[in-house]
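Remarks on the structure that follows.
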Amino acid sequence: MNDRASVLRAALQRRQALVVPGCHDAFSARVIESAGFEAIQVSGFGLAGSLLAKPDVGLVDMKDVLDTTAHIIRAVQIPVMADIDTGGGNAINAAAITERLIEMGAAGVNIEDQVFPKRCGHMEGKQVIPAEEMAGKVRAMAEVRRRTGSDLIINARTDSYAAHGLSEAIRRANLYLECGADMAFIDGIGTRGDIERAAREIHGLLSVNLMDAVTGVKTELIPIPELASIGVARVSIPVASIMVMHKALRDFFTALKQSPTGILAGETHWLTSFKEYTSFVGLPEYRQMEQDYLPTAVNR
């Protein structure tokens with residue numbers, strides 16, 4: 001059994017608004033872990049940006065999603081929730097991907113009921129598949145979990161709120177929970193009142209998405225302690241890592257290009273030191289391994 005999946009399950013069952021930031025690669029995952037967060041999720045939005053410099057509109061190959069997810073899981077010790085968008089096709093595809101995620105040690109997985117090609121949950125023009133089709137995907141994934149003896153968390157996301165309203169989103173959330181999902185996620189939900197109603201009427205764990213934790217985009221920003229008091233199980237912050245990286249890189253290289261000298265001598269606020277960075281990525285440990293295992297001449 002995957003211990004990290006069990007750790008995640010226990011944390012979610014507290015219904016104390018566990019904050020699960022999104023990462024876009026192994027390095028951002030390690031940074032988030034080092035900040036003290038208990039769990040992390042792979043951001044499909046972030047993967048599209050980091051791998052392709054493209055928007056989150058279904059352009060990333062599933063192989064790339066799975067490969068990057070595996071790198072992230074290896075890079076950290078905390079539980080990692082994967083993001084498989086619409087599941088790679090039908091229920092059979094979703095089941096096969098679930099098996100691979102369990103093998104690589106994922107603690108949880110997000111799957112959504114959008115029509116493929118999907119798009120970021122806070123974009124316009126979303127469409128959803130029939131609820132029964134999504135229910136079949138969830139059942140197939142739950143069967144893989146049962147058969148493998150895994151404790152994998154299945155988070156069923158519905159994007160029906162934007163086009164069909166809260167009542168339909170709640171209906172779908174409860175259907176997916178009945179089919180074996182552990183947690184339901186209404187993406188793009190707008191207000192505190194809607195979140196409170198969802199928490200009352202959804203018969204299981206509820207996840208809320210605060211996007212960047214700064215603007216909330218389409219979702220009202222509510223302090224984490226207040227979401228905990230409502231009974232929310234998970235709070236995802238999926239897009240911050242890639243957007244923070246975008247701003248940092250843009251600001252630094254713009255300043256570098258505009259500098260009359262072509263350099264930014266002494267402006268250490270732009271970056272971490274070489275020593276701090278190499279220590280963070282584990283260079284001292286590898287140097288020790290070189291001393292322990294390589295011939296003396298190689299280490300000079």
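Residues in the structure tokens are named by chain (A, B, ... in the order shown) and by number from 1 within that chain; ligands are numbered from 1 in the order shown.
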Per residue of range 221-242 of chain A within 9 Å of range 44-61 of chain A, record the nearest atom pair and its distance in Å to one decimal, counting only C-alpha atoms, with rows in chain order and ascending residue number, as a Markdown table.
```
| residue | atom | partner | partner_atom | distance |
| --- | --- | --- | --- | --- |
| A:Pro238 | CA | A:Phe45 | CA | 7.5 |
| A:Val239 | CA | A:Gly46 | CA | 6.2 |
| A:Ala240 | CA | A:Gly46 | CA | 8.6 |
| A:Ser241 | CA | A:Gly46 | CA | 7.3 |
| A:Ile242 | CA | A:Gly46 | CA | 5.3 |
```
Discussion item. From a backbone DSSP assignment, name each residue in range 39-134 of chain A labelled strand (DSSP E or B), as a list of chain:residue names.
Written reply: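 The strand (DSSP E or B) residues within range 39-134 of chain A come out as A:Ile40, A:Gln41, A:Val42, A:Val80, A:Met81, A:Ala82, A:Asp83, A:Gly108, A:Val109, A:Asn110, A:Ile111, A:Glu112, A:Gln114, A:Val128.
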Selected residues written out with all heavy atoms, as a compact mmCIF listing (two decimals), in the first residue's frame:
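Writing the result to again.txt gives the following:
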```txt
# COMPACT_ATOMS: atom_id res chain seq x y z
N ILE A 40 0.90 18.10 -2.31
CA ILE A 40 1.09 18.88 -3.53
C ILE A 40 0.29 18.23 -4.65
O ILE A 40 -0.01 17.03 -4.61
CB ILE A 40 2.59 18.96 -3.87
CG1 ILE A 40 2.90 20.13 -4.80
CG2 ILE A 40 3.09 17.65 -4.46
CD1 ILE A 40 4.38 20.42 -4.87
N GLN A 41 -0.06 19.02 -5.64
CA GLN A 41 -0.71 18.46 -6.82
C GLN A 41 0.03 18.91 -8.07
O GLN A 41 0.66 19.96 -8.09
CB GLN A 41 -2.17 18.88 -6.90
CG GLN A 41 -2.41 20.36 -7.11
CD GLN A 41 -3.87 20.69 -7.30
OE1 GLN A 41 -4.58 20.03 -8.05
NE2 GLN A 41 -4.33 21.70 -6.59
N VAL A 42 -0.05 18.10 -9.10
CA VAL A 42 0.48 18.47 -10.40
C VAL A 42 -0.54 19.37 -11.08
O VAL A 42 -1.72 19.06 -11.13
CB VAL A 42 0.76 17.22 -11.26
CG1 VAL A 42 1.33 17.62 -12.61
CG2 VAL A 42 1.70 16.26 -10.53
N VAL A 80 1.63 13.35 -3.48
CA VAL A 80 1.44 14.05 -4.76
C VAL A 80 0.14 13.59 -5.40
O VAL A 80 -0.10 12.39 -5.56
CB VAL A 80 2.61 13.76 -5.73
CG1 VAL A 80 2.35 14.42 -7.08
CG2 VAL A 80 3.93 14.24 -5.14
N MET A 81 -0.71 14.56 -5.76
CA MET A 81 -1.92 14.27 -6.52
C MET A 81 -1.65 14.55 -8.00
O MET A 81 -1.21 15.64 -8.36
CB MET A 81 -3.09 15.12 -6.04
CG MET A 81 -3.52 14.84 -4.62
SD MET A 81 -5.12 15.57 -4.19
CE MET A 81 -6.24 14.48 -5.11
N ALA A 82 -1.91 13.56 -8.84
CA ALA A 82 -1.74 13.72 -10.28
C ALA A 82 -2.94 14.44 -10.89
O ALA A 82 -4.00 14.55 -10.26
CB ALA A 82 -1.58 12.34 -10.94
N ASP A 83 -2.77 14.92 -12.10
CA ASP A 83 -3.86 15.55 -12.86
C ASP A 83 -3.90 14.90 -14.23
O ASP A 83 -2.98 15.08 -15.03
CB ASP A 83 -3.60 17.06 -12.97
CG ASP A 83 -4.72 17.80 -13.70
OD1 ASP A 83 -5.64 17.13 -14.20
OD2 ASP A 83 -4.67 19.03 -13.76
N GLY A 108 -2.88 10.57 -5.10
CA GLY A 108 -4.23 10.91 -5.52
C GLY A 108 -4.24 11.29 -6.99
O GLY A 108 -3.19 11.42 -7.62
N VAL A 109 -5.44 11.50 -7.52
CA VAL A 109 -5.57 11.86 -8.93
C VAL A 109 -6.82 12.70 -9.12
O VAL A 109 -7.86 12.44 -8.53
CB VAL A 109 -5.62 10.60 -9.82
CG1 VAL A 109 -6.75 9.65 -9.41
CG2 VAL A 109 -5.77 10.97 -11.29
N ASN A 110 -6.69 13.75 -9.95
CA ASN A 110 -7.82 14.57 -10.35
C ASN A 110 -8.26 14.16 -11.74
O ASN A 110 -7.43 14.03 -12.65
CB ASN A 110 -7.41 16.05 -10.39
CG ASN A 110 -6.84 16.55 -9.09
OD1 ASN A 110 -7.32 16.19 -8.01
ND2 ASN A 110 -5.81 17.37 -9.16
N ILE A 111 -9.56 13.96 -11.92
CA ILE A 111 -10.13 13.69 -13.23
C ILE A 111 -11.38 14.53 -13.38
O ILE A 111 -12.12 14.74 -12.40
CB ILE A 111 -10.45 12.19 -13.45
CG1 ILE A 111 -10.97 11.97 -14.88
CG2 ILE A 111 -11.38 11.64 -12.39
CD1 ILE A 111 -11.06 10.51 -15.28
N GLU A 112 -11.64 15.04 -14.58
CA GLU A 112 -12.73 15.99 -14.78
C GLU A 112 -13.70 15.52 -15.85
O GLU A 112 -13.37 14.67 -16.69
CB GLU A 112 -12.17 17.36 -15.13
CG GLU A 112 -11.38 17.37 -16.42
CD GLU A 112 -10.41 18.55 -16.49
OE1 GLU A 112 -9.48 18.61 -15.66
OE2 GLU A 112 -10.57 19.38 -17.41
N GLN A 114 -15.05 17.30 -18.35
CA GLN A 114 -15.13 18.13 -19.54
C GLN A 114 -15.09 17.30 -20.81
O GLN A 114 -14.57 16.17 -20.83
CB GLN A 114 -13.96 19.12 -19.58
CG GLN A 114 -14.13 20.34 -18.71
CD GLN A 114 -13.15 21.44 -19.09
OE1 GLN A 114 -13.17 21.94 -20.22
NE2 GLN A 114 -12.30 21.81 -18.14
N VAL A 128 -19.26 19.95 -20.94
CA VAL A 128 -19.10 18.73 -20.15
C VAL A 128 -19.73 17.54 -20.86
O VAL A 128 -20.67 17.68 -21.64
CB VAL A 128 -19.71 18.90 -18.74
CG1 VAL A 128 -18.90 19.90 -17.93
CG2 VAL A 128 -21.17 19.34 -18.81
```
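Going from CA of Ile78 in chain A over to CA of Arg4 in chain A, you cover 6.8 Å.
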Practice prompt. Report the distance between CA of Ala11 in chain A and CA of Val138 in chain A in Å, rounded to one decimal place.
Written response: 21.8 Å
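Counting only C-alpha atoms, the residue from A:Thr148, A:Ser6, A:Ser259, A:Gln77 that sits nearest to Glu99 in chain A is A:Thr148.
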Fill in: Spatial neighbours of Leu271 in chain A, 10 Å, only C-alpha atoms, chain gap at least 6 places, as an NGL selection string
:A and (248 or 252 or 277)
Deliver the residues from the most recent selection as a file, using N, CA and C atoms, as a PDB file, in the first residue's frame.
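Saved as selection01.pdb:
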```
ATOM      1  N   ALA A 248       8.824  36.265 -12.306  1.00  0.00           N
ATOM      2  CA  ALA A 248      10.216  36.371 -11.884  1.00  0.00           C
ATOM      3  C   ALA A 248      11.166  36.376 -13.079  1.00  0.00           C
ATOM      4  N   PHE A 252      13.308  39.729 -14.297  1.00  0.00           N
ATOM      5  CA  PHE A 252      14.772  39.680 -14.269  1.00  0.00           C
ATOM      6  C   PHE A 252      15.357  39.924 -15.648  1.00  0.00           C
ATOM      7  N   TYR A 277      21.527  27.651  -4.082  1.00  0.00           N
ATOM      8  CA  TYR A 277      20.830  26.846  -5.100  1.00  0.00           C
ATOM      9  C   TYR A 277      21.410  25.436  -5.179  1.00  0.00           C
TER      10      TYR A 277
END
```
Fill in: Per-residue DSSP, range 33-274 of chain A, filtered to alpha helix (DSSP H), as a PyMOL selection string
chain A and resi 33-34+44-47+62-75+91-104+131-148+161-164+166-178+192-201+224-230+240-258+274
Worksheet item: Distance CA of Glu220 in chain A-CA of Met243 in chain A, one decimal place?
Response: 19.0 Å
Worksheet entry | 12 Å contact set for Ala173 in chain A, only C-alpha atoms, chain neighbours under 2 positions out, as a PyMOL selection string | chain A and resi 112-113+131-132+134-135+138+155-161+166-171+175-187+198-199+201-207
Item to complete: Find, counting only C-alpha atoms, the residue in A:Gly22, A:Ile97, A:Thr191, A:Ala107 that gets nearest to Val217 in chain A.
Response: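 Comparing A:Gly22, A:Ile97, A:Thr191, A:Ala107 against Val217 in chain A, the winner is A:Thr191.
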